[in-house]
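As stored in work-v1.pdb (PDB, C-alpha atoms):
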MODEL        1
ATOM      1  CA  VAL Y   7     -14.400  -3.116   5.213  1.00  0.00           C
ATOM      2  CA  GLN Y   8     -13.281   0.490   4.936  1.00  0.00           C
ATOM      3  CA  LEU Y   9      -9.735   1.707   4.526  1.00  0.00           C
ATOM      4  CA  GLN Y  10      -8.124   4.961   5.582  1.00  0.00           C
ATOM      5  CA  ALA Y  11      -4.627   5.937   4.491  1.00  0.00           C
ATOM      6  CA  SER Y  12      -2.508   8.446   6.370  1.00  0.00           C
ATOM      7  CA  GLY Y  13       1.066   9.499   6.993  1.00  0.00           C
ATOM      8  CA  GLY Y  14       1.909  11.326   3.817  1.00  0.00           C
ATOM      9  CA  GLY Y  15       3.728  14.618   3.718  1.00  0.00           C
ATOM     10  CA  LEU Y  16       6.541  16.658   2.252  1.00  0.00           C
ATOM     11  CA  VAL Y  17      10.034  15.237   2.591  1.00  0.00           C
ATOM     12  CA  GLN Y  18      13.416  15.895   1.046  1.00  0.00           C
ATOM     13  CA  ALA Y  19      15.060  13.402  -1.264  1.00  0.00           C
ATOM     14  CA  GLU Y  20      16.705  10.531   0.637  1.00  0.00           C
ATOM     15  CA  GLY Y  21      14.279  11.073   3.484  1.00  0.00           C
ATOM     16  CA  SER Y  22      11.806   8.616   5.003  1.00  0.00           C
ATOM     17  CA  LEU Y  23       8.093   8.405   5.653  1.00  0.00           C
ATOM     18  CA  ARG Y  24       5.801   5.748   7.055  1.00  0.00           C
ATOM     19  CA  LEU Y  25       2.319   5.427   5.616  1.00  0.00           C
ATOM     20  CA  SER Y  26      -0.481   3.710   7.490  1.00  0.00           C
ATOM     21  CA  CYS Y  27      -3.591   2.019   6.148  1.00  0.00           C
ATOM     22  CA  LYS Y  28      -6.174   1.511   8.857  1.00  0.00           C
ATOM     23  CA  VAL Y  29      -8.690  -1.192   8.007  1.00  0.00           C
ATOM     24  CA  PHE Y  30     -12.097  -0.886   9.612  1.00  0.00           C
ATOM     25  CA  GLY Y  31     -14.578  -3.710   9.932  1.00  0.00           C
ATOM     26  CA  SER Y  32     -15.014  -6.983  11.751  1.00  0.00           C
ATOM     27  CA  THR Y  33     -13.448  -8.892   8.865  1.00  0.00           C
ATOM     28  CA  ALA Y  34     -10.450  -6.608   8.456  1.00  0.00           C
ATOM     29  CA  SER Y  35      -7.804  -9.253   9.087  1.00  0.00           C
ATOM     30  CA  ARG Y  36      -9.117 -11.525   6.303  1.00  0.00           C
ATOM     31  CA  TYR Y  37      -7.846  -9.400   3.454  1.00  0.00           C
ATOM     32  CA  GLY Y  38      -4.566  -8.813   1.759  1.00  0.00           C
ATOM     33  CA  ILE Y  39      -3.745  -5.151   1.298  1.00  0.00           C
ATOM     34  CA  GLY Y  40      -2.108  -3.435  -1.617  1.00  0.00           C
ATOM     35  CA  TRP Y  41      -0.523  -0.019  -1.880  1.00  0.00           C
ATOM     36  CA  PHE Y  42      -0.784   1.792  -5.185  1.00  0.00           C
ATOM     37  CA  ARG Y  43       0.153   5.296  -6.242  1.00  0.00           C
ATOM     38  CA  ARG Y  44      -0.783   7.803  -8.877  1.00  0.00           C
ATOM     39  CA  ALA Y  45       1.507  10.582  -9.939  1.00  0.00           C
ATOM     40  CA  PRO Y  46       0.156  13.615 -11.813  1.00  0.00           C
ATOM     41  CA  GLY Y  47      -0.501  12.740 -15.425  1.00  0.00           C
ATOM     42  CA  LYS Y  48       0.256   9.058 -14.921  1.00  0.00           C
ATOM     43  CA  GLU Y  49      -1.687   5.871 -14.457  1.00  0.00           C
ATOM     44  CA  ARG Y  50      -2.144   4.302 -11.045  1.00  0.00           C
ATOM     45  CA  GLU Y  51       0.698   1.884 -10.411  1.00  0.00           C
ATOM     46  CA  PHE Y  52       1.306  -0.950  -8.007  1.00  0.00           C
ATOM     47  CA  VAL Y  53       3.741  -0.316  -5.162  1.00  0.00           C
ATOM     48  CA  ALA Y  54       3.565  -3.193  -2.671  1.00  0.00           C
ATOM     49  CA  ALA Y  55       1.210  -5.816  -1.279  1.00  0.00           C
ATOM     50  CA  ILE Y  56       0.921  -8.102   1.711  1.00  0.00           C
ATOM     51  CA  THR Y  57      -1.220 -11.160   2.313  1.00  0.00           C
ATOM     52  CA  TRP Y  58      -3.918 -11.309   4.978  1.00  0.00           C
ATOM     53  CA  ASN Y  59      -1.602 -12.942   7.508  1.00  0.00           C
ATOM     54  CA  GLY Y  60       1.543 -11.050   6.559  1.00  0.00           C
ATOM     55  CA  GLY Y  61       3.168 -14.228   5.317  1.00  0.00           C
ATOM     56  CA  ARG Y  62       3.928 -12.910   1.851  1.00  0.00           C
ATOM     57  CA  THR Y  63       4.917  -9.562   0.476  1.00  0.00           C
ATOM     58  CA  TYR Y  64       5.636  -8.286  -2.999  1.00  0.00           C
ATOM     59  CA  TYR Y  65       7.123  -5.060  -4.311  1.00  0.00           C
ATOM     60  CA  ALA Y  66       7.345  -3.149  -7.523  1.00  0.00           C
ATOM     61  CA  ASP Y  67      10.882  -3.119  -8.881  1.00  0.00           C
ATOM     62  CA  SER Y  68      11.001   0.651  -8.526  1.00  0.00           C
ATOM     63  CA  VAL Y  69      10.675   0.477  -4.723  1.00  0.00           C
ATOM     64  CA  LYS Y  70      12.307  -2.843  -3.920  1.00  0.00           C
ATOM     65  CA  GLY Y  71      14.986  -2.441  -1.276  1.00  0.00           C
ATOM     66  CA  ARG Y  72      13.684   0.988  -0.245  1.00  0.00           C
ATOM     67  CA  PHE Y  73      10.107   0.306   0.866  1.00  0.00           C
ATOM     68  CA  THR Y  74       8.843  -2.265   3.367  1.00  0.00           C
ATOM     69  CA  ILE Y  75       5.235  -3.325   3.794  1.00  0.00           C
ATOM     70  CA  SER Y  76       4.066  -4.870   7.048  1.00  0.00           C
ATOM     71  CA  ARG Y  77       0.877  -5.341   9.011  1.00  0.00           C
ATOM     72  CA  ASP Y  78      -0.299  -5.575  12.586  1.00  0.00           C
ATOM     73  CA  ASN Y  79      -3.613  -7.393  12.661  1.00  0.00           C
ATOM     74  CA  ALA Y  80      -3.998  -6.623  16.356  1.00  0.00           C
ATOM     75  CA  VAL Y  81      -4.690  -3.027  15.373  1.00  0.00           C
ATOM     76  CA  ASN Y  82      -5.911  -3.724  11.817  1.00  0.00           C
ATOM     77  CA  THR Y  83      -3.233  -1.556  10.261  1.00  0.00           C
ATOM     78  CA  VAL Y  84      -0.906  -2.041   7.317  1.00  0.00           C
ATOM     79  CA  TYR Y  85       2.241   0.043   7.091  1.00  0.00           C
ATOM     80  CA  LEU Y  86       4.414   1.159   4.225  1.00  0.00           C
ATOM     81  CA  GLN Y  87       7.824   2.223   5.467  1.00  0.00           C
ATOM     82  CA  MET Y  88       9.580   4.261   2.807  1.00  0.00           C
ATOM     83  CA  HIS Y  89      13.282   5.056   2.867  1.00  0.00           C
ATOM     84  CA  SER Y  90      15.644   6.739   0.405  1.00  0.00           C
ATOM     85  CA  LEU Y  91      12.752   8.592  -1.160  1.00  0.00           C
ATOM     86  CA  LYS Y  92      13.199  10.048  -4.604  1.00  0.00           C
ATOM     87  CA  PRO Y  93      11.363  12.876  -6.362  1.00  0.00           C
ATOM     88  CA  GLU Y  94       9.836  10.260  -8.676  1.00  0.00           C
ATOM     89  CA  ASP Y  95       8.095   8.723  -5.644  1.00  0.00           C
ATOM     90  CA  THR Y  96       5.907  11.830  -5.476  1.00  0.00           C
ATOM     91  CA  ALA Y  97       2.316  10.676  -5.855  1.00  0.00           C
ATOM     92  CA  LEU Y  98      -1.006  10.140  -4.172  1.00  0.00           C
ATOM     93  CA  TYR Y  99      -0.731   6.812  -2.347  1.00  0.00           C
ATOM     94  CA  TYR Y 100      -3.789   4.579  -1.961  1.00  0.00           C
ATOM     95  CA  CYS Y 101      -4.417   1.344  -0.128  1.00  0.00           C
ATOM     96  CA  GLY Y 102      -6.945  -1.209  -1.259  1.00  0.00           C
ATOM     97  CA  ALA Y 103      -8.229  -4.513   0.081  1.00  0.00           C
ATOM     98  CA  ASP Y 104      -7.902  -7.680  -1.967  1.00  0.00           C
ATOM     99  CA  ARG Y 105     -11.328  -8.748  -3.205  1.00  0.00           C
ATOM    100  CA  ARG Y 106     -10.543 -12.328  -2.179  1.00  0.00           C
ATOM    101  CA  PRO Y 107     -10.570 -13.045   1.585  1.00  0.00           C
ATOM    102  CA  TRP Y 108      -7.939 -15.420   2.948  1.00  0.00           C
ATOM    103  CA  GLU Y 109      -6.104 -15.307  -0.402  1.00  0.00           C
ATOM    104  CA  PRO Y 110      -2.558 -16.699  -0.113  1.00  0.00           C
ATOM    105  CA  THR Y 111      -1.304 -15.113  -3.323  1.00  0.00           C
ATOM    106  CA  LEU Y 112      -0.712 -11.487  -4.194  1.00  0.00           C
ATOM    107  CA  SER Y 113      -1.836  -9.434  -7.144  1.00  0.00           C
ATOM    108  CA  THR Y 114      -0.304  -6.350  -8.692  1.00  0.00           C
ATOM    109  CA  ARG Y 115      -3.497  -5.539 -10.610  1.00  0.00           C
ATOM    110  CA  SER Y 116      -5.644  -2.770  -9.170  1.00  0.00           C
ATOM    111  CA  GLU Y 117      -8.745  -4.570 -10.486  1.00  0.00           C
ATOM    112  CA  GLU Y 118      -8.169  -7.230  -7.829  1.00  0.00           C
ATOM    113  CA  TYR Y 119      -8.571  -4.668  -5.050  1.00  0.00           C
ATOM    114  CA  ASP Y 120     -11.539  -2.846  -3.647  1.00  0.00           C
ATOM    115  CA  HIS Y 121     -12.605  -0.560  -0.789  1.00  0.00           C
ATOM    116  CA  TRP Y 122      -9.979   2.029  -1.653  1.00  0.00           C
ATOM    117  CA  GLY Y 123      -9.088   4.585   0.958  1.00  0.00           C
ATOM    118  CA  GLN Y 124      -9.020   8.284   0.144  1.00  0.00           C
ATOM    119  CA  GLY Y 125      -5.281   8.412  -0.445  1.00  0.00           C
ATOM    120  CA  THR Y 126      -2.457  10.302   1.191  1.00  0.00           C
ATOM    121  CA  GLN Y 127      -0.123  12.644  -0.667  1.00  0.00           C
ATOM    122  CA  VAL Y 128       3.614  12.063  -0.654  1.00  0.00           C
ATOM    123  CA  THR Y 129       5.787  14.833  -2.061  1.00  0.00           C
ATOM    124  CA  VAL Y 130       9.540  14.401  -2.322  1.00  0.00           C
ATOM    125  CA  SER Y 131      11.588  17.505  -3.043  1.00  0.00           C
ATOM    126  CA  SER Y 132      14.961  17.373  -4.741  1.00  0.00           C
TER     127      SER Y 132
ENDMDL
END

Kindly return the structure encoded in the file as structure tokens.
Amino acid sequence: VQLQASGGGLVQAEGSLRLSCKVFGSTASRYGIGWFRRAPGKEREFVAAITWNGGRTYYADSVKGRFTISRDNAVNTVYLQMHSLKPEDTALYYCGADRRPWEPTLSTRSEEYDHWGQGTQVTVSS
């Protein structure tokens, strides 16, 4: 599979953005998807993840209640709806596919993901 992230941009604090992760390939719907981000000078960190069928989701504490991950397997796309954005959400956002097809559990470890997209920049101004 191949992944392509889009939807980033510049937004004011308390604003909203919706990121998309398009998954290409005949087996696209078999994989859980995770969103990670990397801010300048910081390590890549987990943001949110969703299982292959959308039955489970998990969020980092820092985004819980503000971000929502969802997927539409009919169009092989995973979304990250972000509300109440803060300057500390500024980062390059990546999506990755879980290495394990049909996996019912979720991982927050980037080592469990593969086929990273190119990333999309989110900048939140104060």

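Across Y:Gly14, Y:Gly21, Y:Gly60, Y:Gly102, the tightest approach to Y:Glu117 is made by Y:Gly102 when counting only C-alpha atoms.
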
Residues picked by the PyMOL selection byres ((chain Y and resi 100) around 10) here, as JSON, numbers by chain? {"Y": [9, 10, 11, 12, 25, 27, 40, 41, 42, 43, 44, 50, 51, 52, 53, 97, 98, 99, 101, 102, 122, 123, 124, 125, 126, 127]}

Keeping C-alpha atoms, export the residues of the selection given above as a PDB file, in the frame of the given file.
ATOM      1  CA  LEU Y   9      -9.735   1.707   4.526  1.00  0.00           C
ATOM      2  CA  GLN Y  10      -8.124   4.961   5.582  1.00  0.00           C
ATOM      3  CA  ALA Y  11      -4.627   5.937   4.491  1.00  0.00           C
ATOM      4  CA  SER Y  12      -2.508   8.446   6.370  1.00  0.00           C
ATOM      5  CA  LEU Y  25       2.319   5.427   5.616  1.00  0.00           C
ATOM      6  CA  CYS Y  27      -3.591   2.019   6.148  1.00  0.00           C
ATOM      7  CA  GLY Y  40      -2.108  -3.435  -1.617  1.00  0.00           C
ATOM      8  CA  TRP Y  41      -0.523  -0.019  -1.880  1.00  0.00           C
ATOM      9  CA  PHE Y  42      -0.784   1.792  -5.185  1.00  0.00           C
ATOM     10  CA  ARG Y  43       0.153   5.296  -6.242  1.00  0.00           C
ATOM     11  CA  ARG Y  44      -0.783   7.803  -8.877  1.00  0.00           C
ATOM     12  CA  ARG Y  50      -2.144   4.302 -11.045  1.00  0.00           C
ATOM     13  CA  GLU Y  51       0.698   1.884 -10.411  1.00  0.00           C
ATOM     14  CA  PHE Y  52       1.306  -0.950  -8.007  1.00  0.00           C
ATOM     15  CA  VAL Y  53       3.741  -0.316  -5.162  1.00  0.00           C
ATOM     16  CA  ALA Y  97       2.316  10.676  -5.855  1.00  0.00           C
ATOM     17  CA  LEU Y  98      -1.006  10.140  -4.172  1.00  0.00           C
ATOM     18  CA  TYR Y  99      -0.731   6.812  -2.347  1.00  0.00           C
ATOM     19  CA  CYS Y 101      -4.417   1.344  -0.128  1.00  0.00           C
ATOM     20  CA  GLY Y 102      -6.945  -1.209  -1.259  1.00  0.00           C
ATOM     21  CA  TRP Y 122      -9.979   2.029  -1.653  1.00  0.00           C
ATOM     22  CA  GLY Y 123      -9.088   4.585   0.958  1.00  0.00           C
ATOM     23  CA  GLN Y 124      -9.020   8.284   0.144  1.00  0.00           C
ATOM     24  CA  GLY Y 125      -5.281   8.412  -0.445  1.00  0.00           C
ATOM     25  CA  THR Y 126      -2.457  10.302   1.191  1.00  0.00           C
ATOM     26  CA  GLN Y 127      -0.123  12.644  -0.667  1.00  0.00           C
TER      27      GLN Y 127
END

For Y:Ala80, the nearest of the candidates Y:Leu112, Y:Ala45, Y:Val17, Y:Val29, counting only C-alpha atoms: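 Among Y:Leu112, Y:Ala45, Y:Val17, Y:Val29, it is Y:Val29 that comes nearest to Y:Ala80.
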
Expressed in Å to a single decimal, how great is the separation between atom CA of Y:Arg24 and atom CA of Y:Ile56?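 Distance reported for this atom pair: 15.6 Å.
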
Would you write out, as a PyMOL selection string, every residue that the PyMOL selection byres ((chain Y and resi 89) around 6) captures in this file? chain Y and resi 22+72+88+90-91
